[in-house]
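Undergrad: Quick one, input_2.txt (compact mmCIF, C-alpha atoms):
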# COMPACT_ATOMS: atom_id res chain seq x y z
CA MET A 1 83.69 111.98 66.30
CA ILE A 2 86.65 110.50 68.12
CA ASP A 3 85.94 109.70 71.76
CA HIS A 4 89.01 111.36 73.17
CA ILE A 5 88.06 110.67 76.78
CA THR A 6 87.88 106.91 76.25
CA ALA A 7 91.19 107.06 74.38
CA PHE A 8 92.57 109.03 77.34
CA GLU A 9 91.51 106.23 79.72
CA HIS A 10 93.21 103.59 77.56
CA TYR A 11 96.37 105.70 77.42
CA LEU A 12 96.52 106.12 81.19
CA LYS A 13 96.03 102.40 81.72
CA LEU A 14 98.18 100.87 78.98
CA GLU A 15 100.99 103.38 78.51
CA GLU A 16 101.28 105.11 81.88
CA GLY A 17 100.20 102.19 84.07
CA ARG A 18 97.98 104.37 86.26
CA SER A 19 95.83 102.80 88.94
CA PRO A 20 92.10 102.22 88.31
CA ALA A 21 91.26 104.91 90.88
CA THR A 22 93.49 107.49 89.17
CA ILE A 23 92.06 106.67 85.75
CA ARG A 24 88.51 106.90 87.09
CA ASN A 25 89.21 110.26 88.75
CA TYR A 26 90.99 111.86 85.80
CA ALA A 27 88.45 110.71 83.23
CA GLY A 28 85.57 111.62 85.53
CA ASP A 29 86.86 115.18 85.90
CA VAL A 30 87.10 115.55 82.12
CA ARG A 31 83.63 114.07 81.57
CA GLN A 32 82.19 116.47 84.14
CA LEU A 33 83.67 119.38 82.19
CA ARG A 34 82.35 117.98 78.91
CA ALA A 35 78.86 117.65 80.37
CA PHE A 36 78.96 121.28 81.50
CA LEU A 37 80.07 122.53 78.08
CA GLU A 38 77.17 120.68 76.47
CA SER A 39 74.54 121.71 79.03
CA ASP A 40 72.10 124.57 79.27
CA ALA A 41 74.17 125.90 82.18
CA TYR A 42 76.84 126.94 79.65
CA PRO A 43 75.69 130.36 78.40
CA LEU A 44 78.01 130.92 75.46
CA PRO A 45 76.79 130.24 71.92
CA GLN A 46 79.64 127.86 71.15
CA ARG A 47 78.03 125.10 73.26
CA GLY A 48 79.36 121.73 72.16
CA ARG A 49 82.59 123.21 70.85
CA ASP A 50 85.44 120.76 70.33
CA TRP A 51 88.37 120.49 72.72
CA ALA A 52 90.65 122.65 70.59
CA GLN A 53 88.27 125.58 71.10
CA VAL A 54 87.96 125.35 74.88
CA THR A 55 89.54 128.32 76.63
CA ALA A 56 90.62 129.18 80.15
CA ALA A 57 87.50 131.36 80.37
CA ASP A 58 85.37 128.25 79.85
CA LEU A 59 87.19 126.44 82.65
CA ARG A 60 86.87 129.43 84.98
CA LEU A 61 83.15 129.59 84.29
CA PHE A 62 82.78 125.90 85.14
CA LEU A 63 84.84 126.31 88.32
CA ALA A 64 82.73 129.30 89.35
CA THR A 65 79.58 127.23 88.81
CA LEU A 66 80.93 124.21 90.67
CA ASN A 67 82.70 126.22 93.43
CA PRO A 68 84.91 123.27 94.47
CA LYS A 69 86.90 123.13 97.67
CA PRO A 70 90.67 123.79 97.31
CA HIS A 71 91.74 120.13 97.16
CA ARG A 72 89.05 119.35 94.59
CA TYR A 73 90.04 122.49 92.66
CA HIS A 74 93.63 121.26 92.49
CA ARG A 75 92.63 117.82 91.25
CA LEU A 76 90.38 119.22 88.53
CA LEU A 77 93.24 121.32 87.20
CA ALA A 78 95.63 118.35 87.39
CA SER A 79 93.16 116.15 85.48
CA TRP A 80 92.58 118.76 82.80
CA ARG A 81 96.27 119.52 82.34
CA LYS A 82 96.94 115.81 81.91
CA PHE A 83 94.11 115.56 79.39
CA TRP A 84 95.28 118.54 77.34
CA ALA A 85 98.83 117.16 77.28
CA PHE A 86 97.34 113.90 75.96
CA LEU A 87 95.38 115.76 73.27
CA ARG A 88 98.50 117.67 72.22
CA ASP A 89 101.21 115.00 72.42
CA VAL A 90 99.30 111.79 71.66
CA GLN A 91 96.19 112.77 69.70
CA ARG A 92 98.06 115.56 67.90
CA LEU A 93 95.16 118.01 68.03
CA PRO A 94 95.92 121.53 66.81
CA LEU A 95 95.71 123.15 70.22
CA VAL A 96 96.49 126.82 70.75
CA GLY A 97 97.61 126.20 74.31
CA ASP A 98 96.72 124.56 77.60
CA PRO A 99 93.76 126.42 79.12
CA ALA A 100 94.17 124.69 82.48
CA ALA A 101 97.75 125.95 82.73
CA GLU A 102 96.48 129.55 82.64
CA ILE A 103 94.50 129.11 85.86
CA LYS A 104 96.21 129.68 89.19
CA ARG A 105 95.77 127.08 91.88
CA PRO A 106 94.42 128.26 95.23
CA LYS A 107 96.64 127.84 98.24
CA LEU A 108 95.82 124.64 100.05
CA PRO A 109 95.19 124.77 103.77
CA GLN A 110 97.93 123.05 105.73
CA ARG A 111 96.38 120.09 107.45
CA LEU A 112 98.13 117.82 109.88
CA PRO A 113 97.65 114.16 108.97
CA LYS A 114 95.10 112.36 111.11
CA TYR A 115 96.49 109.26 112.75
CA LEU A 116 95.89 106.81 115.56
CA GLU A 117 97.92 106.84 118.74
CA SER A 118 99.66 103.58 119.71
CA PRO A 119 97.05 102.67 122.38
CA ASP A 120 94.26 102.97 119.81
CA ILE A 121 96.24 100.85 117.34
CA ALA A 122 96.52 98.19 120.04
CA LYS A 123 92.77 98.37 120.73
CA LEU A 124 91.99 98.05 117.01
CA LEU A 125 94.24 95.01 116.56
CA GLN A 126 92.83 93.30 119.65
CA ALA A 127 89.26 93.90 118.47
CA ALA A 128 90.11 92.50 115.04
CA HIS A 129 91.62 89.41 116.65
CA ASP A 130 88.62 88.75 118.92
CA ASN A 131 86.42 86.70 116.60
CA PRO A 132 84.29 83.58 117.20
CA ARG A 133 86.20 81.97 114.34
CA PRO A 134 89.90 81.86 115.30
CA SER A 135 91.10 81.66 111.68
CA VAL A 136 89.12 84.77 110.76
CA GLY A 137 90.39 86.57 113.84
CA LEU A 138 93.97 85.70 112.95
CA ARG A 139 93.46 86.86 109.38
CA ASN A 140 91.96 90.19 110.47
CA TRP A 141 94.64 90.83 113.08
CA ALA A 142 97.52 89.85 110.81
CA PHE A 143 96.27 91.93 107.89
CA LEU A 144 95.80 95.11 109.93
CA ALA A 145 99.06 94.60 111.80
CA PHE A 146 100.90 94.18 108.50
CA LEU A 147 99.28 97.32 107.06
CA TYR A 148 100.33 99.32 110.09
CA GLY A 149 103.73 97.65 110.41
CA THR A 150 104.77 98.45 106.83
CA GLY A 151 103.07 101.79 106.22
CA ALA A 152 102.11 100.42 102.80
CA ARG A 153 99.04 101.40 100.84
CA LEU A 154 96.07 99.03 100.84
CA SER A 155 96.47 98.27 97.12
CA GLU A 156 100.17 97.50 97.63
CA VAL A 157 99.44 94.95 100.35
CA LEU A 158 96.55 93.33 98.46
CA GLY A 159 98.77 92.88 95.41
CA LEU A 160 101.70 91.37 97.32
CA THR A 161 102.87 88.04 95.91
CA PHE A 162 105.10 85.34 97.42
CA ASP A 163 107.97 86.04 95.05
CA ARG A 164 108.25 89.57 96.44
CA ILE A 165 109.07 88.50 100.00
CA THR A 166 112.74 88.70 101.05
CA TYR A 167 113.96 86.16 103.62
CA SER A 168 116.96 85.86 105.91
CA ASP A 169 117.45 82.51 107.63
CA THR A 170 113.84 81.55 106.78
CA LEU A 171 112.49 84.74 108.39
CA PRO A 172 110.75 87.38 106.22
CA THR A 173 112.69 90.63 106.47
CA ALA A 174 111.31 92.79 103.66
CA VAL A 175 108.80 92.94 100.83
CA THR A 176 108.82 94.58 97.42
CA VAL A 177 105.54 96.30 96.66
CA ILE A 178 104.16 97.76 93.44
CA GLY A 179 103.18 101.35 94.14
CA LYS A 180 101.81 104.27 92.17
CA GLY A 181 102.79 104.38 88.53
CA ASP A 182 103.62 100.67 88.65
CA LYS A 183 106.87 101.48 90.48
CA GLU A 184 108.56 98.91 92.69
CA ARG A 185 109.52 99.82 96.25
CA PHE A 186 111.57 97.88 98.79
CA VAL A 187 109.95 97.95 102.24
CA PRO A 188 111.84 96.53 105.25
CA LEU A 189 109.58 94.82 107.76
CA SER A 190 109.18 96.22 111.23
CA PRO A 191 108.93 93.67 114.07
CA THR A 192 105.15 94.18 114.01
CA ALA A 193 104.89 93.47 110.29
CA GLN A 194 107.30 90.55 110.50
CA ARG A 195 105.36 88.87 113.31
CA ALA A 196 102.03 89.41 111.54
CA LEU A 197 103.30 88.02 108.24
CA MET A 198 104.92 84.96 109.86
CA GLN A 199 101.73 84.01 111.68
CA TRP A 200 99.59 84.52 108.60
CA LEU A 201 101.92 82.45 106.39
CA GLN A 202 101.64 79.51 108.77
CA VAL A 203 97.92 79.39 107.96
CA ARG A 204 98.08 80.60 104.37
CA ARG A 205 100.53 77.90 103.25
CA VAL A 206 98.47 75.10 104.76
CA GLU A 207 94.89 76.17 104.05
CA GLY A 208 95.29 78.57 101.12
CA HIS A 209 95.13 77.91 97.40
CA PRO A 210 98.32 75.97 96.55
CA THR A 211 99.08 77.79 93.28
CA SER A 212 97.77 81.28 94.00
CA PRO A 213 100.63 83.81 94.01
CA TYR A 214 98.83 86.20 96.37
CA VAL A 215 99.92 86.33 100.00
CA TRP A 216 96.76 87.97 101.33
CA SER A 217 94.15 85.80 99.63
CA TYR A 218 90.96 84.01 100.60
CA LEU A 219 91.39 80.55 102.10
CA SER A 220 88.02 79.15 101.05
CA GLY A 221 84.86 79.83 99.11
CA ALA A 222 84.33 80.90 95.52
CA ASN A 223 87.12 83.48 95.79
CA ARG A 224 89.71 81.07 97.21
CA GLY A 225 93.14 82.12 96.02
CA GLN A 226 92.01 85.60 95.00
CA PRO A 227 93.36 88.62 96.89
CA PHE A 228 91.16 90.03 99.61
CA GLY A 229 88.63 92.56 98.37
CA ALA A 230 89.40 96.16 99.34
CA ARG A 231 85.80 96.83 100.34
CA ASN A 232 85.64 93.70 102.47
CA MET A 233 88.79 94.71 104.30
CA GLN A 234 87.42 98.20 104.92
CA LYS A 235 84.19 96.72 106.30
CA MET A 236 86.22 94.46 108.56
CA MET A 237 88.20 97.45 109.73
CA ASP A 238 85.02 99.44 110.43
CA ALA A 239 83.63 96.59 112.50
CA ALA A 240 86.87 96.27 114.46
CA ALA A 241 86.91 100.02 115.08
CA ARG A 242 83.37 100.00 116.47
CA LYS A 243 84.21 97.01 118.64
CA ALA A 244 87.27 98.85 119.96
CA GLY A 245 85.23 101.93 120.79
CA LEU A 246 86.78 103.99 118.00
CA ASP A 247 85.04 106.14 115.39
CA PRO A 248 85.04 104.13 112.13
CA ALA A 249 85.15 107.40 110.17
CA LYS A 250 88.57 108.05 111.69
CA VAL A 251 89.95 104.57 111.02
CA SER A 252 91.08 103.54 107.54
CA PRO A 253 94.03 101.85 105.82
CA HIS A 254 95.43 105.27 104.98
CA LYS A 255 95.12 106.38 108.61
CA LEU A 256 97.29 103.38 109.53
CA ARG A 257 99.83 104.62 106.99
CA HIS A 258 99.80 108.05 108.65
CA SER A 259 100.09 106.38 112.04
CA TYR A 260 103.14 104.42 110.90
CA ALA A 261 104.89 107.54 109.60
CA THR A 262 104.03 109.61 112.66
CA ALA A 263 105.33 106.91 115.00
CA LEU A 264 108.65 106.87 113.12
CA VAL A 265 108.94 110.66 113.39
CA GLU A 266 108.25 110.47 117.12
CA HIS A 267 111.10 107.98 117.45
CA GLY A 268 113.57 110.26 115.71
CA ARG A 269 113.69 108.87 112.17
CA SER A 270 114.43 111.39 109.42
CA LEU A 271 111.80 112.56 106.94
CA HIS A 272 114.04 111.33 104.12
CA GLU A 273 114.04 107.81 105.55
CA ILE A 274 110.29 107.86 106.08
CA GLY A 275 109.59 109.26 102.61
CA THR A 276 111.72 106.54 101.02
CA ILE A 277 109.87 103.77 102.87
CA LEU A 278 106.47 105.26 102.02
CA GLY A 279 107.38 105.81 98.37
CA HIS A 280 106.92 109.58 98.33
CA GLU A 281 108.35 111.14 95.18
CA ASN A 282 107.81 114.68 96.44
CA PRO A 283 109.60 115.57 99.72
CA ALA A 284 106.77 118.00 100.48
CA THR A 285 104.45 115.02 100.89
CA THR A 286 106.55 113.70 103.75
CA ALA A 287 107.04 117.17 105.24
CA ILE A 288 103.55 117.05 106.78
CA TYR A 289 104.90 114.61 109.35
CA GLY A 290 107.57 117.12 110.28
CA ARG A 291 104.79 119.56 111.19
CA VAL A 292 103.41 116.90 113.53
CA LYS A 293 106.73 116.86 115.35
CA ALA A 294 106.90 120.66 115.39
CA GLN A 295 103.48 120.78 116.99
CA GLN A 296 104.61 118.36 119.68
CA LEU A 297 107.72 120.43 120.32
CA ALA A 298 105.58 123.54 120.69
CA GLN A 299 103.40 121.74 123.21
CA ALA A 300 106.49 120.64 125.10
CA ALA A 301 107.82 124.18 125.21
CA ALA A 302 104.46 125.48 126.42
CA SER A 303 104.65 123.13 129.39
CA LEU A 304 107.61 125.03 130.86
CA PRO A 305 106.60 126.50 134.23
CA ASP A 306 105.91 130.24 134.07
CA VAL A 307 108.31 132.12 136.36
CA PHE A 308 106.74 135.57 135.94
Please rewrite the model in this file as structure tokens.

TA:
Amino acid sequence: MIDHITAFEHYLKLEEGRSPATIRNYAGDVRQLRAFLESDAYPLPQRGRDWAQVTAADLRLFLATLNPKPHRYHRLLASWRKFWAFLRDVQRLPLVGDPAAEIKRPKLPQRLPKYLESPDIAKLLQAAHDNPRPSVGLRNWAFLAFLYGTGARLSEVLGLTFDRITYSDTLPTAVTVIGKGDKERFVPLSPTAQRALMQWLQVRRVEGHPTSPYVWSYLSGANRGQPFGARNMQKMMDAAARKAGLDPAKVSPHKLRHSYATALVEHGRSLHEIGTILGHENPATTAIYGRVKAQQLAQAAASLPDVF
């Protein structure tokens, strides 16, 4: 029997250029469904049926058993729809339809993005900088300041190479990052990001691996020249958060991205500008930051003295 799920993984990686996390999530959702269809929890006699026989009723039964939260529900349907499109268009299976397309998606609750206020950002950066080893402190401070100062995703910063830095009169002014779907995006540097990058490069060019293309890479040890590990950077961030008196659960690279966007909204930048910098393909993704501003306006209006 053809292992369609493994073939699906290869397709996402080689032909669509999806990130490892996306591939892992999509394939994991399909494998979870497959396990259910082959388990004793599946009451219908056609247990083990092939993909061409799976119906929307089967998916609804699995969803009722799993009872996922709305965001998880949405991702399961997205993963399955992608998989059935792969079976139909690439594997050429004789499918009757797309069972996932027959299921309505629940309305997602509107959540305001969680972000750090400027004073907390300053505390976090100072805590990251305060380290018994000055070079480590500089690295930690520069990395977090660059994350915040660009609004870029962690993977985009870790993958940044020297040839993707734009200079003007020897000063770095912008970077080109590789975002979701292997798409390039031009990101102008804020003063914060520019200062952080300049100070890091002074150390990186002297002490770093001379031929490594990665900007944010280890200066010594077995991993010298390799980009920083995502988990190591998150651990560093957690430690800095605790040192700064912040809740580590509320501090992450993505929270810095939200903080960057929210700060731009507060300073009057348009959602279109912000969405372009962040690499949002869907304007609705950026619209959440508009709700932050609306909330602040409502609070401002509520502060008007009551004359009655």

Undergrad: What is the CA of Ile5 (chain A)-CA of Arg34 (chain A) distance in Å, reported with one decimal?

TA: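 According to the coordinates, CA of Ile5 (chain A) and CA of Arg34 (chain A) are separated by 9.5 Å.
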
Undergrad: Counting only C-alpha atoms, figure out which residue out of A:Val136, A:Met233, A:Leu189, A:Leu160 gets nearest to Val203 (chain A).

TA: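 Answer, going by the shortest atom-to-atom distance: A:Val136.
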
Undergrad: List the neighbours of region 62-71 of chain A out to 10 Å using only C-alpha atoms; skip same-chain residues closer than 4 positions along the sequence, and give me the result as a list of chain:residue names.

TA: A:Gln32, A:Leu33, A:Phe36, A:Leu37, A:Ala41, A:Tyr42, A:Ala56, A:Ala57, A:Asp58, A:Arg75, A:Leu76, A:Leu77, A:Arg105, A:Pro106, A:Lys107, A:Leu108, A:Pro109

Undergrad: Between CA of Arg31 (chain A) and CA of Pro94 (chain A), what is the spacing in Å?

TA: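 A separation of 20.6 Å between them.
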
Undergrad: Using all atoms listed in the file, which of A:Ala100, A:Val30, A:Ala145, A:Ala52 sits nearest Glu9 (chain A)?

TA: A:Val30

Undergrad: Please list as number ranges by chain every residue within 6 Å of region 185-187 of chain A, counting all atoms listed in the file and excluding residues in the same chain fewer than 5 positions away.

TA: A: 174-177, 277

Undergrad: Which residue gives the smallest distance to Gly279 (chain A) among A:Glu15, A:Glu156, A:Asp89, A:Glu117, with only C-alpha atoms counted?

TA: A:Glu156
